[in-house]
Structures are given as structure tokens and as C-alpha cells.
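Visitor: Next up, final09.pdb (PDB, C-alpha atoms and all ligand atoms).
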```pdb
ATOM      1  CA  MET T 902      47.429   0.027 -10.695
ATOM      2  CA  ASN T 903      47.087  -1.714 -14.047
ATOM      3  CA  ILE T 904      50.269  -2.914 -15.771
ATOM      4  CA  VAL T 905      49.440  -4.077 -19.302
ATOM      5  CA  ILE T 906      50.972  -4.756 -22.705
ATOM      6  CA  ALA T 907      50.383  -1.458 -24.483
ATOM      7  CA  ASP T 908      48.588  -1.025 -27.823
ATOM      8  CA  GLU T 909      47.100   1.666 -30.072
ATOM      9  CA  SER T 910      44.536   2.617 -27.420
ATOM     10  CA  HIS T 911      47.483   4.138 -25.494
ATOM     11  CA  PHE T 912      48.628   6.520 -28.283
ATOM     12  CA  LYS T 913      47.303   9.463 -26.242
ATOM     13  CA  TYR T 914      50.035   8.862 -23.613
ATOM     14  CA  ALA T 915      52.982   9.003 -26.081
ATOM     15  CA  GLN T 916      53.717  12.711 -25.643
ATOM     16  CA  GLN T 917      53.549  12.478 -21.850
ATOM     17  CA  ILE T 918      55.881   9.474 -21.901
ATOM     18  CA  CYS T 919      58.465  11.396 -23.977
ATOM     19  CA  ASP T 920      58.150  14.515 -21.791
ATOM     20  CA  THR T 921      58.520  12.538 -18.539
ATOM     21  CA  ILE T 922      61.632  10.740 -19.870
ATOM     22  CA  ALA T 923      63.204  14.043 -21.009
ATOM     23  CA  GLU T 924      62.362  15.912 -17.768
ATOM     24  CA  SER T 925      63.731  13.086 -15.592
ATOM     25  CA  ALA T 926      66.997  13.029 -17.559
ATOM     26  CA  MET T 927      67.329  16.780 -17.036
ATOM     27  CA  VAL T 928      66.788  16.412 -13.288
ATOM     28  CA  ARG T 929      69.342  13.580 -13.094
ATOM     29  CA  GLY T 930      71.801  15.523 -15.238
ATOM     30  CA  THR T 931      72.245  12.592 -17.601
ATOM     31  CA  GLY T 932      72.068  12.350 -21.340
ATOM     32  CA  ILE T 933      69.747   9.826 -22.949
ATOM     33  CA  ALA T 934      68.706   8.562 -26.332
ATOM     34  CA  LYS T 935      65.942  10.902 -27.537
ATOM     35  CA  ARG T 936      62.488   9.394 -28.097
ATOM     36  CA  THR T 937      59.715  10.935 -30.182
ATOM     37  CA  PRO T 938      55.960  10.252 -29.838
ATOM     38  CA  GLU T 939      56.097   8.647 -33.333
ATOM     39  CA  TYR T 940      58.748   6.197 -32.111
ATOM     40  CA  ILE T 941      56.607   5.334 -29.067
ATOM     41  CA  HIS T 942      53.584   4.823 -31.381
ATOM     42  CA  LYS T 943      55.528   2.146 -33.288
ATOM     43  CA  LYS T 944      56.283   0.311 -30.049
ATOM     44  CA  LEU T 945      52.589   0.396 -29.102
ATOM     45  CA  GLN T 946      51.500  -0.796 -32.556
ATOM     46  CA  ASN T 947      53.932  -3.738 -32.431
ATOM     47  CA  GLY T 948      52.905  -4.831 -28.929
ATOM     48  CA  ASN T 949      56.474  -4.182 -27.771
ATOM     49  CA  ALA T 950      55.778  -2.020 -24.727
ATOM     50  CA  VAL T 951      54.315  -2.140 -21.237
ATOM     51  CA  ILE T 952      52.361   0.721 -19.668
ATOM     52  CA  ALA T 953      51.274   1.236 -16.051
ATOM     53  CA  LEU T 954      48.083   3.218 -15.485
ATOM     54  CA  ASP T 955      46.450   4.402 -12.296
ATOM     55  CA  GLY T 956      42.878   4.677 -13.568
ATOM     56  CA  ASP T 957      43.544   6.752 -16.675
ATOM     57  CA  LYS T 958      46.623   8.485 -15.221
ATOM     58  CA  PHE T 959      50.005   7.605 -16.723
ATOM     59  CA  ALA T 960      52.283   5.993 -14.097
ATOM     60  CA  GLY T 961      55.057   4.154 -15.935
ATOM     61  CA  PHE T 962      56.387   2.701 -19.183
ATOM     62  CA  CYS T 963      59.064   0.516 -20.769
ATOM     63  CA  TYR T 964      59.603  -0.904 -24.275
ATOM     64  CA  ILE T 965      61.500  -3.574 -26.176
ATOM     65  CA  GLU T 966      64.133  -2.894 -28.829
ATOM     66  CA  VAL T 967      65.334  -5.652 -31.141
ATOM     67  CA  TRP T 968      68.967  -5.729 -32.296
ATOM     68  CA  GLY T 969      71.299  -7.901 -34.361
ATOM     69  CA  HIS T 970      68.502  -9.755 -36.197
ATOM     70  CA  GLU T 971      66.722 -10.811 -32.958
ATOM     71  CA  LYS T 972      69.903 -12.201 -31.346
ATOM     72  CA  TYR T 973      69.612  -9.455 -28.755
ATOM     73  CA  VAL T 974      66.777  -7.471 -27.261
ATOM     74  CA  ALA T 975      66.985  -4.506 -24.917
ATOM     75  CA  ASN T 976      64.351  -3.379 -22.432
ATOM     76  CA  SER T 977      64.658   0.374 -22.773
ATOM     77  CA  GLY T 978      63.040   3.669 -21.895
ATOM     78  CA  LEU T 979      62.052   2.637 -18.374
ATOM     79  CA  ILE T 980      60.250   5.531 -16.736
ATOM     80  CA  VAL T 981      58.122   5.830 -13.616
ATOM     81  CA  HIS T 982      56.212   9.095 -13.175
ATOM     82  CA  PRO T 983      57.611  11.016 -10.154
ATOM     83  CA  ASP T 984      54.243  10.679  -8.333
ATOM     84  CA  TYR T 985      54.566   6.883  -8.311
ATOM     85  CA  ARG T 986      58.244   6.305  -7.443
ATOM     86  CA  ASN T 987      59.627   4.201  -4.568
ATOM     87  CA  GLN T 988      56.582   1.960  -4.393
ATOM     88  CA  GLY T 989      58.063  -0.964  -6.327
ATOM     89  CA  LEU T 990      56.434   0.024  -9.630
ATOM     90  CA  ALA T 991      59.644  -0.072 -11.736
ATOM     91  CA  LYS T 992      60.252  -3.594 -10.471
ATOM     92  CA  LYS T 993      56.778  -4.704 -11.608
ATOM     93  CA  ILE T 994      57.091  -3.014 -15.014
ATOM     94  CA  LYS T 995      60.514  -4.592 -15.605
ATOM     95  CA  GLN T 996      59.164  -7.994 -14.595
ATOM     96  CA  LYS T 997      56.309  -7.637 -17.102
ATOM     97  CA  ILE T 998      58.509  -6.440 -19.989
ATOM     98  CA  PHE T 999      60.995  -9.214 -19.174
ATOM     99  CA  GLU T1000      58.209 -11.813 -19.454
ATOM    100  CA  LEU T1001      57.019 -10.240 -22.719
ATOM    101  CA  SER T1002      60.605 -10.272 -24.088
ATOM    102  CA  THR T1003      61.240 -13.909 -23.181
ATOM    103  CA  SER T1004      57.912 -15.035 -24.645
ATOM    104  CA  LYS T1005      58.284 -13.085 -27.927
ATOM    105  CA  PHE T1006      62.035 -13.631 -28.340
ATOM    106  CA  PRO T1007      62.835 -16.840 -26.401
ATOM    107  CA  ASN T1008      66.320 -17.250 -27.892
ATOM    108  CA  ALA T1009      67.461 -13.660 -27.554
ATOM    109  CA  LYS T1010      69.917 -12.375 -24.994
ATOM    110  CA  ILE T1011      68.341  -9.492 -23.088
ATOM    111  CA  PHE T1012      70.573  -6.575 -22.189
ATOM    112  CA  GLY T1013      70.664  -3.011 -21.002
ATOM    113  CA  ILE T1014      73.193  -0.322 -20.208
ATOM    114  CA  THR T1015      72.611   1.993 -17.281
ATOM    115  CA  THR T1016      74.183   4.210 -14.647
ATOM    116  CA  GLY T1017      71.104   3.871 -12.410
ATOM    117  CA  LEU T1018      71.434   1.812  -9.237
ATOM    118  CA  ALA T1019      67.680   1.110  -9.111
ATOM    119  CA  VAL T1020      67.807  -0.419 -12.600
ATOM    120  CA  MET T1021      70.947  -2.433 -11.771
ATOM    121  CA  LYS T1022      69.244  -3.876  -8.691
ATOM    122  CA  ILE T1023      66.110  -4.821 -10.606
ATOM    123  CA  ASN T1024      68.067  -6.326 -13.515
ATOM    124  CA  TYR T1025      70.251  -8.331 -11.170
ATOM    125  CA  GLU T1026      67.232  -9.875  -9.451
ATOM    126  CA  LEU T1027      65.803 -10.810 -12.857
ATOM    127  CA  GLY T1028      69.006 -12.734 -13.632
ATOM    128  CA  TYR T1029      71.006 -10.168 -15.615
ATOM    129  CA  ARG T1030      74.749 -10.108 -14.938
ATOM    130  CA  PRO T1031      77.283  -7.293 -15.457
ATOM    131  CA  VAL T1032      79.315  -7.846 -18.634
ATOM    132  CA  THR T1033      81.848  -5.992 -20.760
ATOM    133  CA  PHE T1034      80.482  -4.053 -23.728
ATOM    134  CA  SER T1035      82.054  -6.643 -26.066
ATOM    135  CA  GLU T1036      79.359  -9.120 -24.933
ATOM    136  CA  LEU T1037      76.535  -6.778 -25.953
ATOM    137  CA  THR T1038      75.216  -6.298 -29.469
ATOM    138  CA  ASP T1039      77.602  -4.791 -32.007
ATOM    139  CA  ASP T1040      74.617  -3.471 -33.998
ATOM    140  CA  PRO T1041      75.725   0.101 -34.840
ATOM    141  CA  GLU T1042      72.119   1.327 -34.599
ATOM    142  CA  PHE T1043      72.089   0.511 -30.874
ATOM    143  CA  TRP T1044      75.312   2.407 -30.189
ATOM    144  CA  LYS T1045      74.102   5.350 -32.283
ATOM    145  CA  GLY T1046      71.504   5.870 -29.539
ATOM    146  CA  CYS T1047      74.389   6.933 -27.258
ATOM    147  CA  GLN T1048      75.211   9.921 -29.476
ATOM    148  CA  THR T1049      72.716  12.106 -27.614
ATOM    149  CA  CYS T1050      74.301  11.240 -24.233
ATOM    150  CA  LYS T1051      76.540  13.907 -22.743
ATOM    151  CA  ASN T1052      79.230  11.265 -22.050
ATOM    152  CA  PHE T1053      79.381  10.057 -25.663
ATOM    153  CA  ASP T1054      82.985  11.287 -25.976
ATOM    154  CA  VAL T1055      83.999   8.743 -23.283
ATOM    155  CA  LEU T1056      82.551   5.907 -25.371
ATOM    156  CA  THR T1057      84.384   7.229 -28.435
ATOM    157  CA  ARG T1058      87.706   7.642 -26.583
ATOM    158  CA  THR T1059      87.561   4.039 -25.347
ATOM    159  CA  GLU T1060      86.660   2.744 -28.825
ATOM    160  CA  GLN T1061      83.299   1.544 -27.457
ATOM    161  CA  LYS T1062      84.995  -0.688 -24.873
ATOM    162  CA  MET T1063      83.606   1.072 -21.804
ATOM    163  CA  CYS T1064      81.732   4.081 -20.544
ATOM    164  CA  LEU T1065      80.054   5.359 -17.374
ATOM    165  CA  CYS T1066      77.180   2.960 -17.981
ATOM    166  CA  THR T1067      77.432  -0.647 -16.873
ATOM    167  CA  GLY T1068      76.314  -3.275 -19.359
ATOM    168  CA  MET T1069      74.075  -6.026 -17.981
ATOM    169  CA  LEU T1070      72.981  -9.136 -19.842
ATOM    170  CA  TYR T1071      70.484 -11.950 -19.334
ATOM    171  CA  ASP T1072      71.486 -15.073 -21.241
ATOM    172  CA  PRO T1073      68.586 -17.560 -21.625
ATOM    173  CA  ASN T1074      71.161 -20.362 -21.951
ATOM    174  CA  SER T1075      72.959 -19.526 -18.718
ATOM    175  CA  LYS T1076      72.784 -22.347 -16.186
ATOM    176  CA  GLU T1077      72.501 -20.024 -13.214
ATOM    177  CA  LYS T1078      69.062 -20.209 -11.616
ATOM    178  CA  THR T1079      67.439 -16.891 -10.749
ATOM    179  CA  ALA T1080      65.651 -18.560  -7.814
ATOM    180  CA  ASN T1081      68.960 -18.584  -5.926
ATOM    181  CA  VAL T1082      69.899 -15.023  -6.781
ATOM    182  CA  LYS T1083      70.914 -12.859  -3.862
ATOM    183  CA  LYS T1084      70.208  -9.140  -3.722
ATOM    184  CA  LEU T1085      72.765  -6.962  -5.459
ATOM    185  CA  ASN T1086      75.312  -5.268  -3.232
ATOM    186  CA  GLY T1087      74.566  -1.667  -4.230
ATOM    187  CA  LYS T1088      77.759  -0.367  -2.599
ATOM    188  CA  THR T1089      79.888  -2.285  -5.122
ATOM    189  CA  PHE T1090      78.158  -0.581  -8.028
ATOM    190  CA  GLN T1091      78.302   2.859  -6.434
ATOM    191  CA  ARG T1092      82.046   2.353  -5.964
ATOM    192  CA  LEU T1093      82.495   1.191  -9.561
ATOM    193  CA  LYS T1094      80.576   4.223 -10.780
ATOM    194  CA  SER T1095      82.659   6.663  -8.759
ATOM    195  CA  ILE T1096      85.918   5.018  -9.956
ATOM    196  CA  LYS T1097      84.768   5.338 -13.579
ATOM    197  CA  GLU T1098      83.744   8.962 -13.040
ATOM    198  CA  SER T1099      87.093   9.828 -11.501
ATOM    199  CA  ILE T1100      89.004   8.220 -14.384
ATOM    200  CA  PHE T1101      86.889   9.329 -17.329
ATOM    201  CA  LEU T1102      85.513  12.673 -16.223
ATOM    202  CA  LYS T1103      88.781  13.973 -14.737
ATOM    203  CA  LYS T1104      90.583  13.281 -18.008
ATOM    204  CA  LYS T1105      87.744  15.059 -19.793
ATOM    205  CA  ALA T1106      88.250  18.210 -17.666
ATOM    206  CA  LYS T1107      91.992  18.472 -18.537
TER
HETATM  207  C1  LIG Y1201      64.703   4.612 -11.821
HETATM  208  C2  LIG Y1201      63.173   4.508 -11.651
HETATM  209  C3  LIG Y1201      62.621   3.828 -12.889
HETATM  210  C4  LIG Y1201      62.861   3.701 -10.387
HETATM  211  O1  LIG Y1201      61.437   3.568 -10.284
HETATM  212  P1  LIG Y1201      60.725   3.145  -8.902
HETATM  213  O2  LIG Y1201      59.353   2.681  -9.220
HETATM  214  O3  LIG Y1201      60.861   4.252  -7.942
HETATM  215  O4  LIG Y1201      61.646   1.913  -8.439
HETATM  216  P2  LIG Y1201      61.215   0.747  -7.421
HETATM  217  O5  LIG Y1201      60.343   1.350  -6.353
HETATM  218  O6  LIG Y1201      60.645  -0.407  -8.173
HETATM  219  O7  LIG Y1201      62.617   0.348  -6.785
HETATM  220  C5  LIG Y1201      63.397  -0.752  -7.206
HETATM  221  C6  LIG Y1201      64.655  -0.821  -6.350
HETATM  222  O8  LIG Y1201      65.515   0.288  -6.641
HETATM  223  C7  LIG Y1201      65.738   1.080  -5.478
HETATM  224  N1  LIG Y1201      65.754   2.477  -5.898
HETATM  225  C8  LIG Y1201      64.717   3.202  -6.378
HETATM  226  N2  LIG Y1201      65.155   4.454  -6.719
HETATM  227  C9  LIG Y1201      66.489   4.483  -6.442
HETATM  228  C10 LIG Y1201      67.494   5.465  -6.581
HETATM  229  N3  LIG Y1201      67.220   6.676  -7.079
HETATM  230  N4  LIG Y1201      68.763   5.153  -6.196
HETATM  231  C11 LIG Y1201      69.052   3.937  -5.705
HETATM  232  N5  LIG Y1201      68.145   2.925  -5.552
HETATM  233  C12 LIG Y1201      66.883   3.224  -5.915
HETATM  234  C13 LIG Y1201      64.594   0.739  -4.542
HETATM  235  O9  LIG Y1201      64.940   0.961  -3.201
HETATM  236  C14 LIG Y1201      64.393  -0.737  -4.849
HETATM  237  O10 LIG Y1201      65.421  -1.494  -4.233
HETATM  238  P3  LIG Y1201      65.102  -2.727  -3.236
HETATM  239  O11 LIG Y1201      64.536  -3.808  -4.108
HETATM  240  O12 LIG Y1201      66.431  -3.066  -2.688
HETATM  241  O13 LIG Y1201      64.113  -2.196  -2.265
HETATM  242  C15 LIG Y1201      62.521   5.926 -11.501
HETATM  243  O14 LIG Y1201      63.157   6.599 -10.448
HETATM  244  C16 LIG Y1201      62.629   6.761 -12.776
HETATM  245  O15 LIG Y1201      61.755   6.704 -13.636
HETATM  246  N6  LIG Y1201      63.723   7.564 -12.899
HETATM  247  C17 LIG Y1201      63.972   8.365 -14.078
HETATM  248  C18 LIG Y1201      64.257   7.562 -15.309
HETATM  249  C19 LIG Y1201      65.385   6.574 -15.166
HETATM  250  O16 LIG Y1201      66.349   6.778 -14.423
HETATM  251  N7  LIG Y1201      65.248   5.478 -15.934
HETATM  252  C20 LIG Y1201      66.255   4.441 -16.000
HETATM  253  C21 LIG Y1201      67.107   4.654 -17.196
HETATM  254  S1  LIG Y1201      68.296   3.360 -17.356
END
```
How would this structure read if it were set down as C-alpha cells?
Guide:
Amino acid sequence: MNIVIADESHFKYAQQICDTIAESAMVRGTGIAKRTPEYIHKKLQNGNAVIALDGDKFAGFCYIEVWGHEKYVANSGLIVHPDYRNQGLAKKIKQKIFELSTSKFPNAKIFGITTGLAVMKINYELGYRPVTFSELTDDPEFWKGCQTCKNFDVLTRTEQKMCLCTGMLYDPNSKEKTANVKKLNGKTFQRLKSIKESIFLKKKAK
């Protein structure tokens, strides 16, 4: 498996990347920000993406988004092709995109929002910590990405204070050392998720 910083030579994978992201969201029953092959091309051109290839077969992908005039960056669009899941590939891709983010944007806070336990675990081990949405970027362009999510009405109802996703942030100035980081207790996050679902989605059904 080759995990590399992607460039124009990977344009031919853009459609497959978009299709795999869309199909996986359908299977999970979640909404996501829509990505087009043209958008992926820009990420490849700017050297802001990581691709995993098994020979010439597409295996995984992730890219960097820059917000709030480089004060914040997000590592978004993480996808591992179903044939390559549960082998630690997402962890390796996230490690690589994290290194790329910290080298290109050393002063930026790195963040993500997710409902996925796998992503929470990986982020936690990289040194991200759960935070309230008020600690994430207030760049409206970032939050516009949530409009295509099926839970967008929850975010609107709470005036962007919370949603089913958990916000996680890596602060380069934090004194906490990742070397001492314990593994995330997944049960805590599962519980948090089910509490949020029972509050927000029950109200929605009324
Ligand atoms: C989520 C996804 C990226 C994980 O990829 P992967 O290569 O299978 O993940 P890894 O093998 O690196 O696993 C990393 C950790 O997450 C755990 N994990 C993997 N899939 C999981 C799942 N569905 N639920 C809970 N934990 C999971 C693994 O056990 C591992 O934990 P460990 O370190 O305690 O052993 C992949 O399933 C995927 O592409 N899903 C669809 C898209 C998606 O959900 N993207 C994230 C959007 S925020």
C-alpha cells in the first residue's frame, strides 16, 4: 500500500473518490457535504490531499480545507474503500494528512466534526480533544457545508451551538503531550451520541 501526497497524476481517481464517499454516506444513512470531481482536482493541484493506492487501485483518501484565513484547517473527506477497511488504513491516512497539515500550516488549529467512532478514536490518538462548536471556526463557508446534511435543521435550531456531530480540535499550542495519550473510551462517545439522538431527533419527530 502506497500512501502519498496526491497531485495532478491522480486526477483519474477523482470520480471514484466522490462516488465512494457518496455511496458510503448512503449506506451509513448520514448526510454529508457534497464533493464534486472538480473540487477534488483543486485539492490535488494544491498538494492538499493524501491518497492511498494498492498498485493502481484506489484504497483511500483525505484532504485539507483551510478556514478563517489559515487560523484553522480541517482534515475532511476521509474515505477508505470498503475492500480495505478494518486494516488500520484510515489511521495511516489520517496520520499522513495530519503531518502534511502541521508542516504546511504550523500555526493553525486542526479540527473536524464527526459522528463516526472510528474517526473520533483516530483523532483522539493524534491529540485532538472534544470541544464545543464555539471553539471551531466561525467561517460561514465551513458551516455552509452542513446544509447538505440531513440533520442540518438540528444545527439551525440550536443556533449552531451543537448538533449530532462532535467537534474535535488539535491546538498546536496545547501543552498536553500526545505521547502520553490514552486510547479513547469509545463507550463514552457512543453514550453521548445516543443522548444527543434522543434529545434532538425525538423533538424532530414531534
Ligand atoms: C470510517 C473509516 C474511514 C474507517 O476506516 P478503516 O480503515 O476501516 O479504519 P481503521 O482500520 O484505521 O480503524 C481505526 C480505528 O477505528 C475503529 N473502527 C473502524 N471502523 C469502525 C466502526 N465502523 N465503528 C467503530 N469503530 C471503528 C477500529 O477498530 C480502530 O480502532 P482501534 O485503534 O481501537 O483498533 C471507513 O469505515 C470509511 O471510509 N467509512 C465511510 C466514510 C466515513 O465514515 N468517513 C468519516 C467521515 S467523518
Visitor: Let me make sure I understand: among T:Lys1045, T:Lys1051, T:Lys995, T:Lys958, which one has the smallest atom-to-atom distance to ligand LIG 1201 (chain Y) if we use all atoms listed in the file?
Guide: T:Lys995
Visitor: Residues contacting ligand LIG 1201 (chain Y) - anything with an atom at most 6 Å away, using only C-alpha atoms and all ligand atoms - can you give me those as a PDB file with C-alpha atoms, in the frame of the given file?
Guide:
```pdb
ATOM      1  CA  SER T 925      63.731  13.086 -15.592  1.00  0.00           C
ATOM      2  CA  LEU T 979      62.052   2.637 -18.374  1.00  0.00           C
ATOM      3  CA  ILE T 980      60.250   5.531 -16.736  1.00  0.00           C
ATOM      4  CA  VAL T 981      58.122   5.830 -13.616  1.00  0.00           C
ATOM      5  CA  ARG T 986      58.244   6.305  -7.443  1.00  0.00           C
ATOM      6  CA  ASN T 987      59.627   4.201  -4.568  1.00  0.00           C
ATOM      7  CA  GLN T 988      56.582   1.960  -4.393  1.00  0.00           C
ATOM      8  CA  GLY T 989      58.063  -0.964  -6.327  1.00  0.00           C
ATOM      9  CA  LEU T 990      56.434   0.024  -9.630  1.00  0.00           C
ATOM     10  CA  ALA T 991      59.644  -0.072 -11.736  1.00  0.00           C
ATOM     11  CA  LYS T 992      60.252  -3.594 -10.471  1.00  0.00           C
ATOM     12  CA  THR T1015      72.611   1.993 -17.281  1.00  0.00           C
ATOM     13  CA  GLY T1017      71.104   3.871 -12.410  1.00  0.00           C
ATOM     14  CA  LEU T1018      71.434   1.812  -9.237  1.00  0.00           C
ATOM     15  CA  ALA T1019      67.680   1.110  -9.111  1.00  0.00           C
ATOM     16  CA  VAL T1020      67.807  -0.419 -12.600  1.00  0.00           C
ATOM     17  CA  LYS T1022      69.244  -3.876  -8.691  1.00  0.00           C
ATOM     18  CA  ILE T1023      66.110  -4.821 -10.606  1.00  0.00           C
TER      19      ILE T1023
END
```
Visitor: Using all atoms listed in the file, which residues sit within 10 Å of region 963-975 of chain T once same-chain residues fewer than 6 positions away are excluded, as a PyMOL selection string?
Guide: chain T and resi 906-907+918+941+944-945+947-953+981+991+994-995+997-999+1001-1003+1006-1014+1037-1043+1070-1072
Visitor: Decode the PyMOL selection byres (((chain T and resi 1081-1091) around 12) and not hetatm) for the given file into explicit residues and return them as a tab-separated table (two decimals) with C-alpha atoms, in the frame of the given file.
Guide:
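After the write, expr.tsv holds the following:
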```tsv
chain	number	residue	atom	x	y	z
T	1015	THR	CA	72.61	1.99	-17.28
T	1016	THR	CA	74.18	4.21	-14.65
T	1017	GLY	CA	71.10	3.87	-12.41
T	1018	LEU	CA	71.43	1.81	-9.24
T	1019	ALA	CA	67.68	1.11	-9.11
T	1020	VAL	CA	67.81	-0.42	-12.60
T	1021	MET	CA	70.95	-2.43	-11.77
T	1022	LYS	CA	69.24	-3.88	-8.69
T	1023	ILE	CA	66.11	-4.82	-10.61
T	1024	ASN	CA	68.07	-6.33	-13.52
T	1025	TYR	CA	70.25	-8.33	-11.17
T	1026	GLU	CA	67.23	-9.88	-9.45
T	1027	LEU	CA	65.80	-10.81	-12.86
T	1028	GLY	CA	69.01	-12.73	-13.63
T	1029	TYR	CA	71.01	-10.17	-15.62
T	1030	ARG	CA	74.75	-10.11	-14.94
T	1031	PRO	CA	77.28	-7.29	-15.46
T	1065	LEU	CA	80.05	5.36	-17.37
T	1066	CYS	CA	77.18	2.96	-17.98
T	1067	THR	CA	77.43	-0.65	-16.87
T	1068	GLY	CA	76.31	-3.28	-19.36
T	1076	LYS	CA	72.78	-22.35	-16.19
T	1077	GLU	CA	72.50	-20.02	-13.21
T	1078	LYS	CA	69.06	-20.21	-11.62
T	1079	THR	CA	67.44	-16.89	-10.75
T	1080	ALA	CA	65.65	-18.56	-7.81
T	1092	ARG	CA	82.05	2.35	-5.96
T	1093	LEU	CA	82.50	1.19	-9.56
T	1094	LYS	CA	80.58	4.22	-10.78
T	1095	SER	CA	82.66	6.66	-8.76
T	1096	ILE	CA	85.92	5.02	-9.96
T	1097	LYS	CA	84.77	5.34	-13.58
T	1098	GLU	CA	83.74	8.96	-13.04
```
Visitor: Step by step, work through what the PyMOL selection byres (((chain T and resi 1055) around 9) and not hetatm) selects in the shown file, and finish by giving those residues as JSON, numbers by chain.
Guide: {"T": [1052, 1053, 1054, 1056, 1057, 1058, 1059, 1060, 1061, 1063, 1064, 1065, 1101, 1102, 1105]}
Visitor: What is the CA of Phe962 (chain T)-CA of Asn1074 (chain T) distance in Å, reported with one decimal?
Guide: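 According to the coordinates, CA of Phe962 (chain T) and CA of Asn1074 (chain T) are separated by 27.5 Å.
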